[in-house]
Structure formats: C-alpha cells, structure tokens
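Asks: Sharing run.txt (compact mmCIF, C-alpha atoms and all ligand atoms) below.
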```
# COMPACT_ATOMS: atom_id res chain seq x y z
CA MET A 1 -17.50 1.14 16.54
CA GLN A 2 -15.43 4.24 17.09
CA LYS A 3 -13.94 6.57 14.52
CA LEU A 4 -10.30 5.54 14.43
CA ILE A 5 -8.87 8.00 11.93
CA ALA A 6 -10.32 11.27 10.73
CA VAL A 7 -8.87 13.24 7.87
CA GLU A 8 -10.07 16.82 7.46
CA ASN A 9 -9.59 19.15 4.49
CA ILE A 10 -6.24 17.74 3.49
CA LEU A 11 -4.17 19.57 0.90
CA LYS A 12 -0.84 18.26 -0.29
CA ASN A 13 1.18 19.94 -3.04
CA ASN A 14 4.16 18.79 -5.03
CA LEU A 15 7.36 20.83 -5.11
CA HIS A 16 5.93 23.02 -7.88
CA GLY A 17 2.90 23.91 -5.80
CA GLN A 18 0.52 21.73 -7.82
CA ALA A 19 -2.04 19.79 -5.80
CA ILE A 20 -1.43 16.05 -5.28
CA LEU A 21 -4.26 15.82 -2.75
CA ASN A 22 -6.87 18.49 -3.10
CA GLY A 23 -9.35 18.71 -0.24
CA ILE A 24 -9.75 15.26 1.25
CA THR A 25 -12.12 14.70 4.15
CA ALA A 26 -12.81 11.15 5.26
CA SER A 27 -13.30 8.90 8.29
CA ILE A 28 -12.13 5.39 8.98
CA ILE A 29 -14.18 3.44 11.47
CA GLU A 30 -12.55 0.77 13.60
CA GLY A 31 -12.67 -2.66 11.97
CA GLU A 32 -13.45 -1.54 8.43
CA LEU A 33 -11.78 -3.12 5.43
CA ILE A 34 -11.60 -0.43 2.78
CA THR A 35 -10.26 -0.96 -0.72
CA ILE A 36 -8.93 2.12 -2.50
CA ILE A 37 -8.93 2.33 -6.28
CA GLY A 38 -8.34 5.02 -8.86
CA PRO A 39 -6.19 5.98 -11.83
CA SER A 40 -2.41 6.10 -11.63
CA GLY A 41 -1.21 9.37 -10.15
CA SER A 42 -4.53 10.14 -8.42
CA GLY A 43 -2.87 10.36 -5.00
CA LYS A 44 -3.57 6.96 -3.41
CA SER A 45 -0.02 6.27 -2.22
CA THR A 46 0.40 9.85 -1.06
CA PHE A 47 -2.78 9.47 0.98
CA LEU A 48 -1.49 6.29 2.67
CA SER A 49 1.84 7.98 3.42
CA LEU A 50 -0.03 10.78 5.21
CA ILE A 51 -1.99 8.26 7.28
CA ASN A 52 1.28 6.60 8.30
CA ARG A 53 2.88 10.04 8.78
CA MET A 54 5.70 9.46 6.37
CA THR A 55 4.76 12.90 5.15
CA ASP A 56 2.67 15.78 6.48
CA PRO A 57 -0.08 17.74 4.67
CA ASP A 58 0.37 21.34 3.56
CA ALA A 59 -3.04 22.09 5.06
CA GLY A 60 -5.69 20.20 6.97
CA THR A 61 -5.53 17.87 9.95
CA LEU A 62 -5.39 14.16 10.62
CA PHE A 63 -6.67 12.68 13.87
CA TYR A 64 -6.06 9.31 15.48
CA LYS A 65 -8.78 8.57 18.02
CA ALA A 66 -9.62 12.29 18.03
CA LYS A 67 -6.01 13.29 18.77
CA PRO A 68 -4.26 15.46 16.16
CA TYR A 69 -1.36 13.65 14.51
CA LEU A 70 1.01 16.51 15.31
CA GLU A 71 0.49 15.89 19.05
CA MET A 72 1.45 12.24 18.76
CA ASP A 73 4.84 10.57 18.88
CA VAL A 74 5.64 9.52 15.29
CA LEU A 75 7.05 6.13 16.21
CA GLN A 76 4.07 5.28 18.40
CA LEU A 77 1.76 6.27 15.58
CA ARG A 78 3.66 4.09 13.09
CA LYS A 79 3.49 1.19 15.54
CA LYS A 80 -0.29 1.50 15.64
CA ILE A 81 -0.59 2.15 11.90
CA GLY A 82 1.58 -0.32 9.99
CA MET A 83 2.29 -0.17 6.29
CA VAL A 84 3.27 -2.79 3.72
CA PHE A 85 4.46 -1.86 0.22
CA GLN A 86 4.49 -3.42 -3.23
CA MET A 87 8.20 -4.26 -3.14
CA PRO A 88 9.09 -5.93 0.15
CA THR A 89 12.46 -4.69 1.38
CA MET A 90 14.30 -7.30 3.38
CA LEU A 91 16.94 -6.03 5.80
CA PRO A 92 20.25 -7.89 5.94
CA GLY A 93 20.15 -10.99 8.12
CA THR A 94 17.73 -13.80 8.76
CA VAL A 95 13.95 -13.84 8.75
CA ARG A 96 14.17 -13.80 12.56
CA ASP A 97 16.27 -10.60 12.44
CA ASN A 98 13.73 -9.02 10.14
CA LEU A 99 10.78 -9.93 12.34
CA LEU A 100 12.46 -8.51 15.42
CA VAL A 101 13.19 -5.06 13.95
CA GLY A 102 9.98 -3.44 15.25
CA PRO A 103 9.94 -5.05 18.71
CA LYS A 104 13.63 -4.10 19.21
CA LEU A 105 12.87 -0.51 18.33
CA PHE A 106 10.22 -0.47 21.05
CA ARG A 107 12.37 -2.50 23.47
CA GLU A 108 9.79 -5.26 23.53
CA THR A 109 10.67 -8.89 23.90
CA VAL A 110 9.16 -11.49 21.61
CA THR A 111 9.03 -15.09 22.73
CA GLU A 112 9.85 -17.96 20.41
CA GLU A 113 6.20 -18.95 20.56
CA GLU A 114 5.13 -15.48 19.44
CA LEU A 115 7.56 -15.62 16.51
CA ASP A 116 6.14 -19.00 15.52
CA ASN A 117 2.62 -17.62 15.75
CA LEU A 118 3.55 -14.76 13.44
CA LEU A 119 4.94 -17.21 10.90
CA ASP A 120 1.84 -19.39 11.24
CA GLN A 121 -0.29 -16.32 10.66
CA VAL A 122 1.37 -15.57 7.33
CA ALA A 123 1.52 -19.27 6.43
CA LEU A 124 5.31 -19.59 6.39
CA PRO A 125 7.03 -22.67 7.84
CA ARG A 126 8.58 -22.08 11.25
CA SER A 127 11.90 -23.41 9.94
CA ILE A 128 12.24 -20.32 7.74
CA LYS A 129 13.33 -18.27 10.78
CA GLU A 130 17.00 -19.01 10.28
CA GLN A 131 17.05 -18.43 6.52
CA GLU A 132 18.67 -15.39 4.93
CA ALA A 133 15.72 -13.06 4.28
CA ARG A 134 17.15 -11.69 1.05
CA SER A 135 17.38 -15.17 -0.47
CA LEU A 136 13.61 -15.80 -0.28
CA SER A 137 11.17 -15.76 -3.20
CA GLY A 138 9.02 -12.68 -3.89
CA GLY A 139 5.94 -14.26 -2.33
CA GLN A 140 7.87 -15.36 0.77
CA LYS A 141 9.41 -11.91 1.16
CA GLN A 142 5.97 -10.34 0.99
CA ARG A 143 4.79 -12.69 3.76
CA VAL A 144 7.81 -11.81 5.90
CA SER A 145 7.17 -8.13 5.23
CA LEU A 146 3.59 -8.57 6.41
CA ALA A 147 4.68 -10.56 9.49
CA ARG A 148 7.27 -7.89 10.32
CA THR A 149 4.54 -5.27 10.34
CA LEU A 150 2.22 -7.55 12.34
CA ALA A 151 4.97 -8.02 14.94
CA ASN A 152 4.13 -4.47 16.08
CA ARG A 153 0.52 -5.51 16.66
CA PRO A 154 -0.87 -2.66 14.56
CA GLU A 155 -4.46 -1.51 14.93
CA VAL A 156 -4.50 -0.33 11.33
CA LEU A 157 -2.85 -1.94 8.34
CA LEU A 158 -2.10 0.11 5.22
CA LEU A 159 -1.44 -2.00 2.14
CA ASP A 160 -0.10 -0.38 -1.03
CA GLU A 161 -0.32 -2.72 -4.03
CA VAL A 162 1.01 -5.57 -1.91
CA THR A 163 0.17 -8.26 -4.46
CA ALA A 164 1.07 -6.32 -7.61
CA SER A 165 4.40 -8.06 -8.15
CA LEU A 166 3.24 -11.55 -7.14
CA ASP A 167 2.04 -14.44 -9.27
CA PRO A 168 -1.72 -15.22 -9.06
CA HIS A 169 -1.22 -18.08 -6.60
CA SER A 170 0.89 -16.04 -4.14
CA SER A 171 -1.46 -13.13 -4.61
CA GLU A 172 -4.47 -15.21 -3.59
CA GLY A 173 -2.52 -16.50 -0.60
CA ILE A 174 -1.92 -12.95 0.62
CA GLU A 175 -5.58 -12.03 0.03
CA GLU A 176 -6.66 -14.95 2.21
CA LEU A 177 -4.22 -14.00 4.96
CA ILE A 178 -5.44 -10.44 5.08
CA GLN A 179 -9.06 -11.49 5.15
CA GLU A 180 -8.31 -13.94 7.95
CA LEU A 181 -6.53 -11.22 9.91
CA HIS A 182 -9.48 -8.93 9.46
CA ARG A 183 -11.97 -11.61 10.51
CA GLN A 184 -10.05 -12.93 13.50
CA GLN A 185 -8.46 -9.80 14.92
CA GLY A 186 -10.72 -7.08 13.57
CA THR A 187 -7.74 -5.16 12.22
CA THR A 188 -8.75 -2.03 10.35
CA ILE A 189 -7.42 -2.24 6.79
CA LEU A 190 -6.90 0.24 3.96
CA TRP A 191 -5.89 -1.59 0.82
CA VAL A 192 -4.80 0.27 -2.31
CA THR A 193 -4.99 -1.95 -5.37
CA HIS A 194 -5.03 -1.68 -9.15
CA ASN A 195 -6.63 -5.10 -9.31
CA LEU A 196 -10.32 -4.28 -9.45
CA LYS A 197 -11.41 -7.88 -9.07
CA GLN A 198 -9.43 -7.95 -5.85
CA ALA A 199 -10.89 -4.63 -4.69
CA LYS A 200 -14.39 -5.92 -5.32
CA LYS A 201 -13.82 -9.30 -3.73
CA ILE A 202 -12.03 -8.12 -0.59
CA GLY A 203 -13.53 -4.75 0.28
CA GLN A 204 -16.43 -3.96 2.58
CA TYR A 205 -16.14 -0.34 1.55
CA THR A 206 -14.43 1.15 -1.48
CA TRP A 207 -13.07 4.65 -2.03
CA VAL A 208 -12.37 5.94 -5.52
CA PHE A 209 -9.58 8.49 -5.98
CA ALA A 210 -9.27 10.78 -8.99
CA ASP A 211 -7.20 13.95 -9.39
CA GLY A 212 -6.31 14.11 -5.71
CA LYS A 213 -9.87 13.78 -4.47
CA ILE A 214 -12.10 11.00 -3.21
CA VAL A 215 -14.78 11.15 -5.88
CA GLU A 216 -16.87 8.27 -4.60
CA GLN A 217 -17.08 6.14 -1.48
CA GLY A 218 -19.56 3.56 -0.31
CA LYS A 219 -20.17 -0.11 0.20
CA THR A 220 -17.94 -2.01 -2.20
CA ILE A 221 -20.78 -3.85 -3.89
CA GLU A 222 -22.62 -0.58 -4.53
CA VAL A 223 -19.56 1.24 -5.86
CA PHE A 224 -18.93 -1.59 -8.33
CA GLU A 225 -22.51 -2.43 -9.26
CA ARG A 226 -23.99 1.06 -9.22
CA PRO A 227 -21.20 3.62 -9.54
CA LEU A 228 -22.48 7.18 -9.28
CA HIS A 229 -19.56 9.18 -10.54
CA ASN A 230 -18.50 9.23 -14.19
CA VAL A 231 -14.86 8.75 -13.22
CA THR A 232 -15.78 5.54 -11.41
CA LYS A 233 -17.98 4.29 -14.25
CA ASP A 234 -15.23 4.88 -16.84
CA PHE A 235 -12.46 3.58 -14.65
CA ILE A 236 -14.27 0.34 -13.84
CA ALA A 237 -15.47 -0.17 -17.42
CA ASP A 238 -11.95 0.47 -18.79
CA ALA A 239 -10.28 -1.89 -16.38
CA PHE A 240 -12.71 -4.73 -17.00
CA ASP A 241 -12.52 -4.20 -20.79
CA LYS A 242 -8.73 -4.46 -20.69
CA GLU A 243 -8.93 -7.54 -18.54
CA GLU A 244 -11.29 -9.17 -21.01
CA VAL A 245 -8.86 -8.47 -23.81
CA LEU A 246 -6.06 -9.96 -21.78
CA THR A 247 -7.98 -13.13 -21.01
CA LEU A 248 -9.22 -13.70 -24.58
N1 LIG A 301 7.68 12.44 -3.36
C1 LIG A 301 7.05 13.07 -4.35
N2 LIG A 301 7.51 14.24 -4.83
C2 LIG A 301 6.87 14.87 -5.84
N3 LIG A 301 5.74 14.42 -6.40
C3 LIG A 301 5.24 13.30 -5.96
C4 LIG A 301 5.85 12.54 -4.91
N4 LIG A 301 5.10 11.44 -4.68
C5 LIG A 301 4.08 11.50 -5.55
N5 LIG A 301 4.15 12.58 -6.29
C6 LIG A 301 3.18 13.00 -7.35
O1 LIG A 301 1.90 12.98 -6.76
C7 LIG A 301 0.91 12.49 -7.64
C8 LIG A 301 0.20 11.34 -6.99
O2 LIG A 301 1.11 10.25 -6.81
P1 LIG A 301 0.75 8.95 -6.02
O3 LIG A 301 1.98 8.12 -6.01
O4 LIG A 301 0.15 9.29 -4.71
O5 LIG A 301 -0.37 8.32 -6.96
P2 LIG A 301 -1.01 6.87 -6.95
O6 LIG A 301 -2.50 7.09 -7.04
O7 LIG A 301 -0.48 6.07 -5.84
O8 LIG A 301 -0.50 6.29 -8.35
P3 LIG A 301 -0.16 4.76 -8.75
O9 LIG A 301 -1.49 4.10 -8.93
O10 LIG A 301 0.58 4.89 -10.05
O11 LIG A 301 0.67 4.14 -7.66
C9 LIG A 301 1.65 12.11 -8.92
O12 LIG A 301 1.48 13.13 -9.86
C10 LIG A 301 3.11 12.01 -8.49
O13 LIG A 301 3.96 12.37 -9.55
MG MG A 302 0.69 4.34 -5.74
```
Could you render the structure from this file as structure tokens?
Replies:
Amino acid sequence: MQKLIAVENILKNNLHGQAILNGITASIIEGELITIIGPSGSGKSTFLSLINRMTDPDAGTLFYKAKPYLEMDVLQLRKKIGMVFQMPTMLPGTVRDNLLVGPKLFRETVTEEELDNLLDQVALPRSIKEQEARSLSGGQKQRVSLARTLANRPEVLLLDEVTASLDPHSSEGIEELIQELHRQQGTTILWVTHNLKQAKKIGQYTWVFADGKIVEQGKTIEVFERPLHNVTKDFIADAFDKEEVLTL
C-alpha cells in the first residue's frame, strides 16, 4: 500500500507565537484506520485542519501522494480528503440539497440511484431526501453530514469527535457505518475521539497527541495494552478510572 499523506516537521503557532503543533512528522498509508487520542488542547483538531488544508503550517510540509500541498488545488484536495465535525451543520433546504452541495461545486451530476445509495450507506431511509435538513434529529444530521462528505467520493475521511454529541445508540450506529465503509471501500480514515473505548475498538493504529506532538503511535492494541510513554499511560488510566466512576 502506498503512502497517501506525509507530514514533515510541522510547526504551527497560535497568534501569540506559542506552539500548537511542535514538530510533527508522520505518514498515513492508504487504507489505514487510525484513531487519534490525547488530552484536550493537545492539537488534534489543528492537525486534522492542516490535513484538510483549512489552515497552513508555519513551517514544514505536507504531501499528498508525494505532491506538496502548496502545489495542489485546494478544492481538489478537499474533495479527496473529506472532513466531518462534531456538530453537523445543515445548510438551508432539504437533505437532497445538502447532499448535492459537493457534486454541484465540482459540476458533477448525481443520479437518483447514487443518492439512494448514499442514503443506504449511512442507513437513512430514502424518503428522507425531501425533508428539511435542519429539522432532523442530531443522529440523522450526523448521518447526512457523513453522506454529504461521501458524495465527493473521498479517498481519506477525517472525523473529529463525530459521535461526541450523540446518544450511545446513534454513536454505535455511526461506528458501524464507518467500519463498514473502511471494510468495503478501503477508505483511509483518521478518527479523533475522546472516547477511548471507541478508539480501542475501532482503530487499527492509534496516535497519541500531547503538547502539540505525537508522543506515541503504533498498533491500537499495543498502544492500549502496552503503552510506552508516560503521557499515554496516565491518559489511558485517567480516562478509564473516570469511566468506572461514571458507571458505578
Ligand atoms: N483558531 C485558533 N486560534 C488560536 N488558537 C487556537 C486556534 N485553534 C486552536 N487553538 C489553540 O491550539 C491548541 C490546540 O487546540 P486543538 O483544538 O487543536 O486541540 P484538541 O486536541 O483538538 O483539543 P480538544 O480535545 O479539546 O478538541 C489549544 O491551545 C487551542 O487554544
Ligand atoms: Mg479538538
């Protein structure tokens, strides 16, 4: 499998010149499903926004299939690298209107059958097409948001806390959809989550962020079962302790 994205010596500062990302070098191989964990403020969302080119680094280079990001058309890059956020933002209009936003931008036509397939893929009824998108439930909106990104046929999917505001049932539904997508289409996935059970269950590989660095990366099972870095050990122990308290 080829190296799809390479990130080399990335530095990203805030407006005061303090480092948000402080020397990140990493590779993403085609077809990998990587879960990204780490304390709040460690730079996870900033990292995803660089990969999607919503922002540029202050130093360092990103490559997509060995081509520097700066030499690529931004829209084309965002078509290939889709992103879904914690709070799904529905545009005015119907679900159909929302799903057609990307294809319209790229002057691509989508057949009725393709629309239905997208809805099937995210387990929404086909009849939902004509409903007002903003009137849907949180879980339904998140599915539409995912389908809207999938309408661009992305090669890479960036997910930032996509289940954080969903109830456990909807959350599991989304997890299953993503896993199915990964299995069936081999989509490369980077999934940032605060839910460590989810990160452990879903990931093939896991990266741990702390203080703007990737402090540990490896096979998910190894990162969780045999963490090497103290930050990872503490972070995992803390999270599971809190969860135990919550479930008592
Ligand atoms: N647009 C911005 N302008 C200034 N500072 C920012 C901006 N976005 C993020 N930061 C800062 O960068 C640091 C990393 O933020 P980031 O959102 O990437 O962390 P995170 O790991 O995603 O956190 P969380 O788990 O809470 O979502 C934080 O200190 C944050 O305040
Ligand atoms: Mg974040």
Asks: Applying 9 Å and only C-alpha atoms, which residues near region 30-42 of chain A remain after dropping the ones on its own chain fewer than 5 positions away? List them as a PyMOL selection string.
Replies: chain A and resi 1-5+20-21+155-156+179+182+185-196+198-200+202-213+219-220+231-232+235
Asks: What is the distance, in Å and to one decimal place, between CA of Glu175 (chain A) and CA of Lys242 (chain A)?
Replies: 22.3 Å
Asks: CA of Glu130 (chain A) and CA of Val95 (chain A) are how many Å apart?
Replies: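 If I compute the distance from CA of Glu130 (chain A) to CA of Val95 (chain A), I get 6.2 Å.
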Asks: Would you mind telling me which residue in A:Lys44, A:Arg126, A:Lys67, A:His229 lies nearest to Asp160 (chain A) when using only C-alpha atoms?
Replies: A:Lys44
Asks: For Ser170 (chain A), which residue out of A:Gly23, A:Gly139, A:Pro68, A:Pro57 is the nearest one, using only C-alpha atoms?
Replies: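 Result for the nearest residue to Ser170 (chain A): A:Gly139.
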Asks: Leaving out Leu62 (chain A) and any residue of its chain fewer than 5 positions from it, which residues lie within 7 Å of it when counting only C-alpha atoms, given as an MDAnalysis selection string?
Replies: chainID A and resid 6:8 68:69
Asks: With distances taken over all atoms listed in the file, which of A:Leu118, A:Leu150, A:Leu159, A:Leu105 is nearest to ligand LIG 301 (chain A)?
Replies: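 Between A:Leu118, A:Leu150, A:Leu159, A:Leu105, the residue approaching ligand LIG 301 (chain A) most closely is A:Leu159.
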Asks: With distances taken over only C-alpha atoms, which residue among A:Ile221, A:Ala151, A:Leu157, A:Leu228 lies nearest Val110 (chain A)?
Replies: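 That would be A:Ala151, the residue with the smallest distance to Val110 (chain A).
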Asks: So the first atom is CA of Leu50 (chain A) and the second is atom O9 of ligand LIG 301 (chain A); what is the distance between them in Å, to one decimal place?
Replies: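 Distance between the two atoms: 15.7 Å.
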Asks: Between A:Val223, A:Thr111, A:Val162, A:Pro92, single out the one closest to ligand MG 302 (chain A), counting all atoms listed in the file.
Replies: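 Closest candidate: A:Val162.
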Asks: What's around Asp167 (chain A) at 12 Å? Count all atoms listed in the file, leave out sequence neighbours fewer than 6 positions away in its own chain, and write the answer as a list in words.
Replies: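 These residues fall inside the cut-off: Ser137, Gly138, Gly139, Gln140, Gln142, Gly173 and Ile174 of chain A.
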Asks: In terms of the shortest atom-to-atom distance over all atoms listed in the file, which of A:Val144, A:Val215, A:Met90, A:Met54 is closest to Pro125 (chain A)?
Replies: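 Counting all atoms listed in the file, the residue closest to Pro125 (chain A) is A:Val144.
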Asks: Can you sort out the box for ligand LIG 301 (chain A), edges along x, y and z, all listed atoms in, 8 Å on every side, with centre and edge lengths in Å to one decimal, as JSON?
Replies:
```
{"center_x": 2.6, "center_y": 9.5, "center_z": -6.7, "size_x": 26.2, "size_y": 26.8, "size_z": 22.7}
```
Asks: Need to verify the contact set: Glu132 (chain A), 6 Å, all atoms listed in the file, exclusion of same-chain residues closer than 3 positions in sequence. Can you return it as a PyMOL selection string?
Replies: chain A and resi 93-94+135
